[in-house]
file entry_7.txt (compact mmCIF, C-alpha atoms and all ligand atoms)
# COMPACT_ATOMS: atom_id res chain seq x y z
CA MET S 157 35.06 5.05 -22.93
CA PRO S 158 36.95 3.31 -20.09
CA PHE S 159 35.47 0.07 -18.74
CA THR S 160 32.13 0.87 -20.40
CA ALA S 161 29.78 -0.84 -22.82
CA ASN S 162 30.34 1.95 -25.36
CA ARG S 163 27.54 1.26 -27.81
CA GLN S 164 24.99 0.70 -25.11
CA PHE S 165 26.08 3.85 -23.26
CA LYS S 166 25.89 6.02 -26.33
CA ALA S 167 22.37 4.78 -26.97
CA HIS S 168 21.37 5.45 -23.34
CA PRO S 169 23.85 7.88 -21.80
CA ARG S 170 24.07 8.55 -18.07
CA LEU S 171 25.62 11.99 -17.82
CA LEU S 172 26.54 13.79 -14.62
CA THR S 173 26.99 17.53 -14.87
CA GLN S 174 27.35 18.83 -11.31
CA ALA S 175 28.16 17.57 -7.85
CA ASP S 176 27.92 18.87 -4.31
CA GLY S 177 28.35 17.08 -1.00
CA MET S 178 26.66 13.68 -1.21
CA TYR S 179 24.89 14.35 -4.51
CA PHE S 180 25.44 14.46 -8.23
CA LYS S 181 23.16 16.29 -10.62
CA THR S 182 22.38 14.69 -13.97
CA ALA S 183 22.17 16.35 -17.37
CA ASP S 184 18.38 16.15 -17.12
CA GLY S 185 18.40 17.92 -13.76
CA ARG S 186 17.89 14.98 -11.38
CA ARG S 187 19.68 14.66 -8.01
CA VAL S 188 21.53 11.40 -7.53
CA LEU S 189 22.81 10.23 -4.14
CA ASP S 190 26.43 9.19 -4.54
CA GLY S 191 26.71 5.70 -3.11
CA THR S 192 30.13 5.10 -4.62
CA ALA S 193 32.18 8.22 -3.76
CA GLY S 194 32.45 8.69 -7.53
CA LEU S 195 34.76 5.76 -8.20
CA TRP S 196 35.79 5.01 -4.60
CA CYS S 197 37.61 8.33 -4.42
CA VAL S 198 35.49 11.32 -3.33
CA ASN S 199 35.84 10.48 0.35
CA LEU S 200 35.23 14.04 1.60
CA GLY S 201 32.10 14.62 -0.48
CA HIS S 202 31.94 16.59 -3.70
CA SER S 203 33.06 20.07 -4.60
CA ARG S 204 34.84 20.94 -1.37
CA GLU S 205 35.47 24.64 -1.66
CA ALA S 206 38.84 24.59 0.11
CA ILE S 207 40.16 22.17 -2.50
CA SER S 208 38.92 24.22 -5.46
CA LEU S 209 40.36 27.41 -3.95
CA ALA S 210 43.72 25.73 -3.32
CA VAL S 211 43.80 24.40 -6.89
CA ALA S 212 42.90 27.79 -8.37
CA ARG S 213 45.52 29.55 -6.23
CA GLN S 214 48.21 27.03 -7.12
CA ILE S 215 47.62 27.06 -10.85
CA ARG S 216 48.08 30.83 -10.85
CA GLU S 217 51.20 30.73 -8.67
CA LEU S 218 53.13 27.77 -10.10
CA ASP S 219 51.30 25.82 -12.78
CA PHE S 220 54.09 23.34 -13.33
CA ALA S 221 57.66 22.71 -12.30
CA PRO S 222 59.87 19.86 -13.43
CA THR S 223 60.67 17.32 -10.74
CA PHE S 224 63.50 15.55 -12.57
CA GLN S 225 66.74 17.05 -11.18
CA MET S 226 64.63 20.05 -10.14
CA GLY S 227 61.94 20.46 -7.56
CA HIS S 228 59.42 22.66 -5.82
CA PRO S 229 58.43 22.66 -2.16
CA LEU S 230 54.98 21.09 -2.32
CA PRO S 231 55.78 17.37 -2.79
CA PHE S 232 58.15 17.57 0.20
CA GLU S 233 55.52 19.33 2.30
CA LEU S 234 52.87 16.84 1.23
CA ALA S 235 55.08 13.80 1.86
CA ALA S 236 55.94 15.09 5.34
CA ARG S 237 52.24 15.53 6.13
CA LEU S 238 51.19 12.20 4.62
CA ILE S 239 53.63 10.06 6.56
CA LYS S 240 52.15 11.30 9.84
CA HIS S 241 49.08 9.20 9.00
CA ALA S 242 50.97 6.24 7.55
CA PRO S 243 51.91 3.12 9.49
CA ASP S 244 55.09 3.51 11.55
CA GLY S 245 58.24 3.09 9.52
CA LEU S 246 56.71 3.93 6.13
CA ASN S 247 58.43 7.26 5.97
CA HIS S 248 59.13 7.94 2.30
CA VAL S 249 56.75 8.77 -0.52
CA PHE S 250 57.03 8.62 -4.32
CA PHE S 251 54.31 10.47 -6.25
CA THR S 252 52.52 9.19 -9.35
CA ASN S 253 49.37 10.24 -11.22
CA SER S 254 47.13 7.26 -10.63
CA GLY S 255 46.72 4.01 -8.79
CA SER S 256 47.94 2.03 -11.80
CA GLU S 257 51.15 4.02 -11.86
CA ALA S 258 51.51 3.62 -8.11
CA VAL S 259 51.30 -0.16 -8.54
CA ASP S 260 53.88 -0.26 -11.34
CA THR S 261 56.11 2.01 -9.28
CA ALA S 262 55.85 -0.22 -6.20
CA LEU S 263 56.61 -3.36 -8.22
CA LYS S 264 59.64 -1.70 -9.81
CA ILE S 265 60.94 -0.45 -6.45
CA ALA S 266 60.58 -3.99 -5.07
CA LEU S 267 62.58 -5.49 -7.94
CA ALA S 268 65.26 -2.80 -7.79
CA TYR S 269 65.56 -3.13 -4.02
CA HIS S 270 66.50 -6.80 -4.32
CA GLN S 271 68.94 -6.07 -7.17
CA LEU S 272 70.68 -3.41 -5.14
CA ARG S 273 71.04 -5.78 -2.20
CA GLY S 274 72.74 -8.34 -4.39
CA GLU S 275 69.72 -10.63 -4.61
CA GLY S 276 69.00 -9.98 -8.28
CA ALA S 277 67.46 -13.44 -8.75
CA ARG S 278 64.43 -12.25 -6.78
CA THR S 279 62.30 -11.25 -9.75
CA ARG S 280 59.08 -13.15 -9.19
CA LEU S 281 55.97 -11.23 -8.24
CA ILE S 282 52.98 -12.81 -6.58
CA GLY S 283 49.47 -11.44 -6.82
CA ARG S 284 46.09 -12.96 -6.08
CA GLU S 285 43.07 -14.17 -7.98
CA ARG S 286 40.31 -11.54 -8.23
CA ALA S 287 42.78 -8.76 -7.47
CA TYR S 288 42.53 -5.40 -9.17
CA HIS S 289 45.77 -3.47 -9.33
CA GLY S 290 44.95 -1.07 -12.13
CA VAL S 291 45.62 -1.46 -15.81
CA GLY S 292 49.36 -1.10 -16.38
CA PHE S 293 51.14 -4.24 -17.57
CA GLY S 294 52.53 -4.75 -14.06
CA GLY S 295 49.13 -4.28 -12.49
CA ILE S 296 47.27 -6.63 -14.82
CA SER S 297 50.04 -9.21 -14.49
CA VAL S 298 49.71 -9.43 -10.72
CA GLY S 299 45.97 -8.73 -10.98
CA GLY S 300 43.48 -11.54 -11.05
CA MET S 301 40.43 -10.40 -13.01
CA VAL S 302 40.35 -12.43 -16.16
CA ASN S 303 38.69 -9.89 -18.47
CA ASN S 304 41.39 -7.38 -17.64
CA ARG S 305 44.10 -9.83 -18.68
CA ARG S 306 43.01 -12.24 -21.34
CA LEU S 307 43.30 -10.07 -24.48
CA PHE S 308 46.66 -8.57 -23.65
CA GLY S 309 49.26 -11.19 -24.37
CA PRO S 310 51.64 -13.01 -22.06
CA LEU S 311 52.01 -10.10 -19.60
CA LEU S 312 54.96 -10.07 -17.18
CA THR S 313 56.74 -13.36 -16.87
CA GLY S 314 57.48 -14.97 -13.53
CA VAL S 315 54.20 -13.99 -11.92
CA ASP S 316 52.10 -16.33 -9.82
CA HIS S 317 48.86 -15.93 -7.91
CA LEU S 318 47.44 -16.85 -4.53
CA ARG S 319 43.89 -18.15 -4.46
CA HIS S 320 41.25 -15.59 -3.52
CA THR S 321 39.46 -16.01 -0.21
CA LEU S 322 35.79 -15.82 -1.16
CA ASP S 323 34.06 -19.15 -0.76
CA LEU S 324 30.34 -18.77 -0.19
CA GLU S 325 30.04 -22.30 1.16
CA HIS S 326 32.19 -21.26 4.08
CA ASN S 327 31.99 -17.51 4.50
CA ALA S 328 28.75 -16.16 3.01
CA TYR S 329 27.07 -13.47 5.13
CA SER S 330 30.05 -13.19 7.48
CA ARG S 331 29.76 -10.33 9.94
CA GLY S 332 33.11 -8.76 10.70
CA LEU S 333 35.98 -10.65 9.10
CA PRO S 334 35.21 -14.17 7.86
CA ALA S 335 36.21 -16.82 10.37
CA TRP S 336 37.07 -19.22 7.53
CA GLY S 337 39.96 -18.86 5.13
CA ALA S 338 43.15 -17.81 6.96
CA HIS S 339 44.74 -21.08 5.83
CA LEU S 340 44.64 -19.78 2.23
CA ALA S 341 47.59 -17.56 3.15
CA GLU S 342 49.62 -20.78 3.14
CA ASP S 343 49.38 -20.59 -0.67
CA LEU S 344 52.18 -18.08 -0.39
CA GLU S 345 54.39 -20.59 1.38
CA ARG S 346 53.57 -23.18 -1.29
CA LEU S 347 54.41 -20.81 -4.14
CA ILE S 348 57.64 -19.82 -2.43
CA ALA S 349 58.52 -23.49 -2.02
CA LEU S 350 57.62 -24.17 -5.66
CA HIS S 351 59.71 -21.35 -7.12
CA GLY S 352 62.41 -21.10 -4.46
CA ALA S 353 62.52 -18.23 -1.97
CA SER S 354 65.61 -16.80 -3.62
CA THR S 355 63.52 -16.02 -6.75
CA VAL S 356 60.57 -14.27 -5.11
CA ALA S 357 60.63 -10.48 -4.85
CA ALA S 358 57.25 -9.42 -3.54
CA VAL S 359 53.64 -10.27 -2.95
CA ILE S 360 50.97 -7.66 -3.57
CA VAL S 361 47.44 -7.75 -2.17
CA GLU S 362 44.57 -5.38 -1.55
CA PRO S 363 43.86 -5.66 2.19
CA VAL S 364 40.17 -5.78 1.19
CA GLN S 365 39.69 -6.75 -2.44
CA GLY S 366 37.64 -3.90 -3.90
CA SER S 367 36.81 -3.92 -7.59
CA ALA S 368 36.20 -7.67 -7.66
CA GLY S 369 33.34 -7.21 -5.21
CA VAL S 370 34.50 -6.13 -1.74
CA ILE S 371 36.14 -9.22 -0.26
CA PRO S 372 37.37 -8.66 3.31
CA PRO S 373 40.30 -10.85 4.38
CA PRO S 374 39.64 -13.84 6.64
CA GLN S 375 40.62 -13.37 10.27
CA GLY S 376 44.39 -13.70 10.62
CA TYR S 377 44.99 -14.00 6.85
CA LEU S 378 47.02 -10.81 6.40
CA GLN S 379 49.01 -11.55 9.55
CA ARG S 380 49.93 -14.96 8.10
CA LEU S 381 51.05 -13.33 4.83
CA ARG S 382 53.26 -10.96 6.82
CA GLU S 383 54.82 -13.83 8.77
CA ILE S 384 55.57 -15.82 5.63
CA CYS S 385 57.07 -12.78 3.89
CA ASP S 386 59.31 -12.18 6.91
CA ARG S 387 60.40 -15.79 7.00
CA TYR S 388 61.52 -15.75 3.35
CA GLY S 389 62.69 -12.17 2.83
CA VAL S 390 59.80 -11.36 0.47
CA LEU S 391 58.42 -7.81 0.39
CA LEU S 392 54.76 -7.30 1.23
CA ILE S 393 52.93 -4.63 -0.76
CA PHE S 394 49.47 -3.47 0.27
CA ASP S 395 47.53 -1.91 -2.58
CA GLU S 396 45.46 0.60 -0.64
CA VAL S 397 44.13 2.61 -3.57
CA ILE S 398 40.62 1.96 -2.21
CA THR S 399 41.27 1.12 1.44
CA GLY S 400 43.57 4.11 2.00
CA PHE S 401 42.34 7.46 3.29
CA GLY S 402 39.79 6.34 5.79
CA ARG S 403 37.60 3.89 3.90
CA LEU S 404 37.76 1.25 6.64
CA GLY S 405 37.81 3.63 9.61
CA ALA S 406 41.58 3.93 9.96
CA PRO S 407 43.89 5.98 7.72
CA PHE S 408 45.05 2.78 5.98
CA GLY S 409 44.00 -0.84 5.98
CA ALA S 410 47.46 -1.56 7.40
CA GLN S 411 46.50 0.14 10.65
CA TYR S 412 42.97 -1.26 10.60
CA PHE S 413 44.30 -4.82 10.39
CA GLY S 414 47.43 -4.20 12.47
CA VAL S 415 49.72 -5.49 9.73
CA ARG S 416 52.62 -3.38 8.48
CA PRO S 417 53.50 -3.89 4.81
CA ASP S 418 56.83 -2.82 3.30
CA LEU S 419 55.18 -0.67 0.64
CA ILE S 420 51.73 0.87 0.26
CA THR S 421 50.17 2.12 -2.95
CA SER S 422 47.50 4.81 -2.77
CA ALA S 423 45.65 7.26 -5.03
CA LYS S 424 41.93 8.17 -5.28
CA GLY S 425 41.10 9.66 -1.85
CA LEU S 426 44.52 11.32 -1.72
CA THR S 427 43.15 14.34 -3.60
CA ASN S 428 39.51 13.47 -3.00
CA GLY S 429 39.44 12.53 -6.68
CA SER S 430 39.69 16.18 -7.67
CA ILE S 431 43.05 16.03 -9.48
CA PRO S 432 44.74 12.78 -10.56
CA MET S 433 47.46 11.71 -8.14
CA GLY S 434 48.89 8.55 -6.61
CA ALA S 435 51.51 7.90 -3.98
CA VAL S 436 53.73 4.97 -3.03
CA TYR S 437 54.87 4.77 0.58
CA VAL S 438 58.05 2.83 1.25
CA SER S 439 59.80 1.75 4.42
CA ASN S 440 62.99 3.38 5.59
CA THR S 441 64.80 0.11 4.99
CA ILE S 442 63.84 0.06 1.33
CA HIS S 443 64.55 3.74 0.85
CA ASP S 444 67.97 3.49 2.45
CA VAL S 445 69.07 0.64 0.18
CA PHE S 446 68.80 3.06 -2.77
CA MET S 447 70.83 5.81 -1.09
CA HIS S 448 74.28 4.48 -1.89
CA GLY S 449 76.90 5.08 -4.56
CA PRO S 450 78.17 8.36 -5.97
CA GLU S 451 75.89 11.24 -4.99
CA ASN S 452 75.65 12.63 -8.52
CA VAL S 453 74.06 9.42 -9.80
CA ILE S 454 70.28 9.01 -10.04
CA GLU S 455 69.22 6.38 -7.51
CA LEU S 456 65.89 5.34 -9.06
CA PHE S 457 65.54 5.53 -12.84
CA HIS S 458 61.81 5.98 -12.72
CA GLY S 459 59.33 8.85 -12.61
CA TYR S 460 56.56 10.65 -14.47
CA THR S 461 56.53 14.13 -15.99
CA TYR S 462 53.73 14.92 -13.57
CA SER S 463 55.16 13.21 -10.45
CA GLY S 464 54.52 15.65 -7.61
CA HIS S 465 52.60 18.02 -9.88
CA PRO S 466 52.08 21.32 -8.02
CA VAL S 467 48.34 21.46 -8.64
CA ALA S 468 47.83 17.86 -7.53
CA CYS S 469 49.94 18.53 -4.42
CA ALA S 470 47.84 21.61 -3.63
CA ALA S 471 44.67 19.54 -3.97
CA ALA S 472 46.08 16.79 -1.76
CA LEU S 473 47.24 19.24 0.91
CA ALA S 474 43.80 20.88 0.99
CA ALA S 475 42.16 17.44 1.12
CA LEU S 476 44.42 16.42 3.99
CA ASP S 477 43.41 19.55 5.93
CA ILE S 478 39.79 18.45 5.62
CA TYR S 479 40.54 14.83 6.55
CA GLU S 480 42.28 16.12 9.68
CA GLN S 481 39.82 18.88 10.63
CA GLU S 482 36.73 16.70 10.20
CA ASN S 483 38.32 13.47 11.52
CA LEU S 484 37.41 11.73 8.28
CA LEU S 485 40.33 9.31 8.37
CA THR S 486 38.56 7.55 11.24
CA ARG S 487 34.90 8.54 10.90
CA ALA S 488 33.99 5.33 9.09
CA SER S 489 34.65 3.44 12.33
CA THR S 490 31.80 5.31 14.04
CA LEU S 491 29.34 4.35 11.27
CA ALA S 492 30.63 0.88 10.49
CA LYS S 493 28.13 -0.96 12.71
CA TYR S 494 25.16 1.00 11.37
CA TRP S 495 26.43 0.42 7.85
CA GLU S 496 26.92 -3.30 8.39
CA ASP S 497 23.45 -3.70 9.89
CA ALA S 498 21.87 -1.75 7.01
CA ALA S 499 23.67 -3.94 4.47
CA HIS S 500 22.81 -7.21 6.16
CA ALA S 501 19.14 -6.19 6.38
CA LEU S 502 19.01 -7.14 2.66
CA LYS S 503 19.59 -10.80 3.53
CA GLY S 504 16.69 -12.93 2.35
CA LEU S 505 15.73 -10.72 -0.61
CA PRO S 506 15.29 -12.54 -3.93
CA HIS S 507 18.51 -13.59 -5.72
CA VAL S 508 20.78 -12.32 -2.91
CA ILE S 509 23.45 -14.91 -2.09
CA ASP S 510 25.94 -12.96 0.02
CA ILE S 511 26.45 -9.65 1.78
CA ARG S 512 29.85 -8.32 2.76
CA ALA S 513 30.48 -5.10 4.68
CA ILE S 514 33.48 -3.54 6.37
CA GLY S 515 34.19 0.08 7.32
CA LEU S 516 32.13 2.13 4.85
CA VAL S 517 32.24 -0.29 1.96
CA ALA S 518 29.90 -3.15 1.16
CA ALA S 519 28.78 -5.53 -1.54
CA VAL S 520 25.57 -7.41 -2.16
CA GLU S 521 26.10 -10.45 -4.35
CA PHE S 522 23.45 -12.00 -6.60
CA ALA S 523 22.97 -15.42 -8.06
CA PRO S 524 24.20 -15.22 -11.67
CA VAL S 525 21.71 -15.45 -14.53
CA PRO S 526 22.72 -18.56 -16.52
CA ASP S 527 24.74 -17.68 -19.64
CA ASN S 528 24.49 -13.98 -18.92
CA PRO S 529 27.24 -12.93 -16.51
CA GLY S 530 26.63 -9.76 -14.54
CA LYS S 531 23.18 -9.19 -16.06
CA ARG S 532 21.30 -8.92 -12.78
CA ALA S 533 23.81 -6.59 -11.14
CA TYR S 534 23.89 -4.38 -14.23
CA GLU S 535 20.12 -4.12 -14.23
CA ILE S 536 20.10 -3.19 -10.55
CA PHE S 537 22.75 -0.56 -11.16
CA THR S 538 20.75 1.09 -13.98
CA ARG S 539 17.48 0.96 -12.03
CA CYS S 540 19.16 2.49 -8.98
CA PHE S 541 20.47 5.30 -11.13
CA GLU S 542 16.98 5.94 -12.52
CA ARG S 543 15.73 6.06 -8.93
CA GLY S 544 18.38 8.61 -7.88
CA VAL S 545 21.04 6.41 -6.30
CA LEU S 546 24.48 5.70 -7.75
CA VAL S 547 25.83 2.25 -6.95
CA ARG S 548 28.51 0.26 -8.74
CA GLN S 549 28.34 -3.04 -10.51
CA ALA S 550 31.21 -5.36 -9.63
CA GLY S 551 30.66 -8.59 -11.55
CA GLU S 552 27.66 -10.33 -9.96
CA ALA S 553 27.66 -7.89 -7.06
CA ILE S 554 26.60 -4.34 -6.35
CA ALA S 555 29.27 -2.44 -4.46
CA LEU S 556 28.68 0.60 -2.27
CA SER S 557 31.32 2.99 -0.90
CA PRO S 558 29.79 6.40 -0.19
CA PRO S 559 31.73 9.52 0.69
CA LEU S 560 32.85 9.28 4.32
CA ILE S 561 30.60 12.23 5.22
CA VAL S 562 27.50 10.07 4.65
CA ASN S 563 24.86 10.23 7.39
CA PRO S 564 22.58 7.46 8.70
CA GLN S 565 19.53 8.72 6.76
CA GLN S 566 21.52 8.60 3.53
CA ILE S 567 22.69 5.08 4.40
CA ASP S 568 19.03 4.13 4.84
CA THR S 569 18.21 5.66 1.45
CA LEU S 570 21.03 3.77 -0.25
CA PHE S 571 20.10 0.35 1.09
CA GLY S 572 16.36 1.08 1.10
CA THR S 573 16.35 1.94 -2.60
CA LEU S 574 18.52 -1.07 -3.36
CA ALA S 575 16.15 -3.34 -1.40
CA GLU S 576 13.07 -2.05 -3.23
CA ILE S 577 14.71 -2.56 -6.60
CA ILE S 578 15.91 -6.06 -5.74
CA HIS S 579 12.45 -6.88 -4.51
CA ASP S 580 10.83 -5.76 -7.76
CA LEU S 581 13.26 -7.61 -10.03
CA PRO S 582 11.68 -10.04 -12.46
C1 LIG H 1 43.25 -1.53 -5.52
C2 LIG H 1 43.42 -0.68 -6.73
N1 LIG H 1 44.62 -0.54 -7.29
C3 LIG H 1 44.83 0.22 -8.36
C4 LIG H 1 43.78 0.87 -8.97
C5 LIG H 1 44.03 1.67 -10.20
O1 LIG H 1 43.89 3.02 -9.97
P1 LIG H 1 43.74 4.02 -11.22
O2 LIG H 1 42.42 3.73 -11.83
O3 LIG H 1 43.85 5.38 -10.56
O4 LIG H 1 44.87 3.76 -12.14
C6 LIG H 1 42.50 0.76 -8.43
C7 LIG H 1 41.35 1.44 -9.05
O5 LIG H 1 40.21 1.18 -8.75
C8 LIG H 1 42.30 -0.06 -7.30
O6 LIG H 1 41.10 -0.23 -6.77
call {"tool": "encode", "arguments": {"input": "entry_7.txt", "output": "structure tokens"}}
result
Amino acid sequence: MPFTANRQFKAHPRLLTQADGMYFKTADGRRVLDGTAGLWCVNLGHSREAISLAVARQIRELDFAPTFQMGHPLPFELAARLIKHAPDGLNHVFFTNSGSEAVDTALKIALAYHQLRGEGARTRLIGRERAYHGVGFGGISVGGMVNNRRLFGPLLTGVDHLRHTLDLEHNAYSRGLPAWGAHLAEDLERLIALHGASTVAAVIVEPVQGSAGVIPPPQGYLQRLREICDRYGVLLIFDEVITGFGRLGAPFGAQYFGVRPDLITSAKGLTNGSIPMGAVYVSNTIHDVFMHGPENVIELFHGYTYSGHPVACAAALAALDIYEQENLLTRASTLAKYWEDAAHALKGLPHVIDIRAIGLVAAVEFAPVPDNPGKRAYEIFTRCFERGVLVRQAGEAIALSPPLIVNPQQIDTLFGTLAEIIHDLP
């Protein structure tokens, strides 16, 4: 099983068999409130009928079509619709099947872009500590979660990392963006000075670090990264696999923070999690660099059998209709204050050492149990599930990211159940 304690799970399985709206149903017939949008992806709520109908229709009409030297209309239609919600100037889309593939695709486009411009020495990639960029070799190389890296060899060469920005001495319990930490963006300038600007291709960051425990950027941090990238000709990639599609209250984190990256990776909410799909958005400038040379020659030697799969496109188009009709790309902004207050109401409970909330995502961090990393958060996660609430363990933290259709009563249930369980912990 992926990212699972296999033996423990098989001894005590947690099986979900149905889902509707804000709820899962378990194999033993219990209703479980989805506090995690599945795995940060079911933004519109579960089992949206329009998506299942679109998928069923599409699979009957055109189950598959090759997209290497061939095509079908749906990826073009989808790309044209998607870029309307993307930051200005990110007008081209490359489809993948997952966030991990989107990350590898973005890194490869960044490297190729510099090659094509005659700056082939720009091969270094810079990631950040505590980053999660999926599980491809590119993604774990620029990623910064040690367990995802340490058993898998030397990874990509020429990769360096910025420090992460979570320092509880300075920014625990911040409301809004932490006031402390923007200076950590200067790490990028230091690394560029260390390696030489002419060797650095791109820096990749999640605007809000997700899987490592919901770490919002310090005020001004992303702006500083953008400035430094501009100064040294380094591409800025935002990995928006979690923050994309309305999680923060804007279509993308880029718009929420007012910082325009050169590439964006996305997946998850793109199809509401219903069919695997990812997408990489690139700027016109990057796209145009590839569009040279003889017209019969392939410009980008990269792609997946299922890039732009018709059924995934149909799911994404139906999902986009719902995002637009129900204003779900921005709804989180109307609930963000309520959400933040509900999260911070847990301050002062036993073992709680930090609370972080932004848009409709939050984390409650616990003091670690000595010599037993993650034990407390795991226990809270399993107890929540027994009590009918799905939350997610992220290291020493519990992360919450409900579907964007969540209502205030359900927010109360999520944090209320969590509070009771924390209170009763041994
Ligand atoms: C920021 C980020 N990038 C990439 C990924 C990888 O996506 P996938 O699991 O679809 O490969 C994730 C998944 O959680 C993610 O959060």
call {"tool": "atom_distance", "arguments": {"input": "entry_7.txt", "atom1": "CA of Val364 in chain S", "atom2": "CA of Leu322 in chain S"}}
result
11.2 Å
call {"tool": "atom_distance", "arguments": {"input": "entry_7.txt", "atom1": "CA of Ala328 in chain S", "atom2": "CA of Arg382 in chain S"}}
result
25.3 Å
call {"tool": "closest_atom_pairs", "arguments": {"input": "entry_7.txt", "of": "chain S", "to": "ligand LIG 1 (chain H)", "cutoff": "7 Å", "atoms": "all atoms listed in the file", "output": "tab-separated table"}}
result
residue	atom	partner	partner_atom	distance
S:Ser254	CA	H:LIG1	O3	3.8
S:Gly255	CA	H:LIG1	O1	3.2
S:Ser256	CA	H:LIG1	O4	3.5
S:Glu257	CA	H:LIG1	O4	6.3
S:Val259	CA	H:LIG1	C3	6.5
S:Tyr288	CA	H:LIG1	C1	5.4
S:His289	CA	H:LIG1	N1	3.8
S:Gly290	CA	H:LIG1	C5	3.5
S:Val291	CA	H:LIG1	O4	6.4
S:Glu362	CA	H:LIG1	C1	5.7
S:Gly366	CA	H:LIG1	O6	5.8
S:Ser367	CA	H:LIG1	O6	5.7
S:Asp395	CA	H:LIG1	C1	5.2
S:Glu396	CA	H:LIG1	C1	5.8
S:Val397	CA	H:LIG1	C2	4.6
S:Ile398	CA	H:LIG1	O6	5.1
S:Ala423	CA	H:LIG1	O3	6.1
S:Lys424	CA	H:LIG1	O3	6.3
call {"tool": "atom_distance", "arguments": {"input": "entry_7.txt", "atom1": "CA of Ala338 in chain S", "atom2": "CA of Leu267 in chain S"}}
result
27.4 Å
call {"tool": "closest_residue", "arguments": {"input": "entry_7.txt", "among": "S:Leu238, S:His168, S:Thr192, S:Tyr377", "to": "Thr538 in chain S", "atoms": "only C-alpha atoms"}}
result
S:His168
call {"tool": "residues_around", "arguments": {"input": "entry_7.txt", "residues": "range 542-552 of chain S", "least_positions_apart": "3", "cutoff": "10 Å", "atoms": "all atoms listed in the file", "output": "PyMOL selection string"}}
result
chain S and resi 170+179-182+186-196+366-370+519-525+529-539+555-558+569-571+573-574+577
call {"tool": "closest_atom_pairs", "arguments": {"input": "entry_7.txt", "of": "range 212-320 of chain S", "to": "range 402-416 of chain S", "cutoff": "9 Å", "atoms": "only C-alpha atoms", "output": "JSON lines"}}
result
{"residue": "S:His241", "atom": "CA", "partner": "S:Pro407", "partner_atom": "CA", "distance": 6.2}
{"residue": "S:Ala242", "atom": "CA", "partner": "S:Phe408", "partner_atom": "CA", "distance": 7.0}
{"residue": "S:Pro243", "atom": "CA", "partner": "S:Gln411", "partner_atom": "CA", "distance": 6.3}
{"residue": "S:Asp244", "atom": "CA", "partner": "S:Arg416", "partner_atom": "CA", "distance": 7.9}
{"residue": "S:Gly245", "atom": "CA", "partner": "S:Arg416", "partner_atom": "CA", "distance": 8.6}
{"residue": "S:Leu246", "atom": "CA", "partner": "S:Arg416", "partner_atom": "CA", "distance": 8.7}
call {"tool": "closest_atom_pairs", "arguments": {"input": "entry_7.txt", "of": "range 545-576 of chain S", "to": "range 485-494 of chain S", "cutoff": "10 Å", "atoms": "all atoms listed in the file", "output": "JSON lines"}}
result
{"residue": "S:Pro559", "atom": "CA", "partner": "S:Ala488", "partner_atom": "CA", "distance": 9.7}
{"residue": "S:Leu560", "atom": "CA", "partner": "S:Ala488", "partner_atom": "CA", "distance": 6.3}
{"residue": "S:Ile561", "atom": "CA", "partner": "S:Arg487", "partner_atom": "CA", "distance": 8.0}
{"residue": "S:Val562", "atom": "CA", "partner": "S:Leu491", "partner_atom": "CA", "distance": 8.9}
{"residue": "S:Asn563", "atom": "CA", "partner": "S:Leu491", "partner_atom": "CA", "distance": 8.3}
{"residue": "S:Pro564", "atom": "CA", "partner": "S:Tyr494", "partner_atom": "CA", "distance": 7.5}
{"residue": "S:Ile567", "atom": "CA", "partner": "S:Tyr494", "partner_atom": "CA", "distance": 8.4}
{"residue": "S:Asp568", "atom": "CA", "partner": "S:Tyr494", "partner_atom": "CA", "distance": 9.5}
call {"tool": "write_last_selection", "arguments": {"input": "entry_7.txt", "atoms": "C-alpha atoms", "output": "PDB file, keeping the file's coordinate frame"}}
result
ATOM      1  CA  PRO S 559      31.730   9.520   0.690  1.00  0.00           C
ATOM      2  CA  LEU S 560      32.850   9.280   4.320  1.00  0.00           C
ATOM      3  CA  ILE S 561      30.600  12.230   5.220  1.00  0.00           C
ATOM      4  CA  VAL S 562      27.500  10.070   4.650  1.00  0.00           C
ATOM      5  CA  ASN S 563      24.860  10.230   7.390  1.00  0.00           C
ATOM      6  CA  PRO S 564      22.580   7.460   8.700  1.00  0.00           C
ATOM      7  CA  ILE S 567      22.690   5.080   4.400  1.00  0.00           C
ATOM      8  CA  ASP S 568      19.030   4.130   4.840  1.00  0.00           C
TER       9      ASP S 568
END
call {"tool": "closest_residue", "arguments": {"input": "entry_7.txt", "among": "S:Asp497, S:His448, S:Cys540, S:Val467", "to": "Ala212 in chain S", "atoms": "all atoms listed in the file"}}
result
S:Val467
call {"tool": "residues_around", "arguments": {"input": "entry_7.txt", "residues": "range 449-463 of chain S", "least_positions_apart": "4", "cutoff": "8 Å", "atoms": "only C-alpha atoms", "output": "MDAnalysis selection string"}}
result
chainID S and resid 222:224 250:253 261
call {"tool": "residues_near_point", "arguments": {"input": "entry_7.txt", "point": "(54.4, -5.2, -1.0)", "cutoff": "7 Å", "atoms": "only C-alpha atoms", "output": "list of chain:residue names"}}
result
S:Ala358, S:Val359, S:Ile360, S:Leu391, S:Leu392, S:Ile393, S:Phe394, S:Pro417, S:Asp418, S:Leu419, S:Ile420
call {"tool": "write_last_selection", "arguments": {"input": "entry_7.txt", "atoms": "C-alpha atoms", "output": "short mmCIF file (atom, residue, chain, number, x, y, z; two decimals), in the coordinates of the input"}}
result
data_model
loop_
_atom_site.label_atom_id
_atom_site.label_comp_id
_atom_site.auth_asym_id
_atom_site.auth_seq_id
_atom_site.Cartn_x
_atom_site.Cartn_y
_atom_site.Cartn_z
CA ALA S 358 57.25 -9.42 -3.54
CA VAL S 359 53.64 -10.27 -2.95
CA ILE S 360 50.97 -7.66 -3.57
CA LEU S 391 58.42 -7.81 0.39
CA LEU S 392 54.76 -7.30 1.23
CA ILE S 393 52.93 -4.63 -0.76
CA PHE S 394 49.47 -3.47 0.27
CA PRO S 417 53.50 -3.89 4.81
CA ASP S 418 56.83 -2.82 3.30
CA LEU S 419 55.18 -0.67 0.64
CA ILE S 420 51.73 0.87 0.26
#
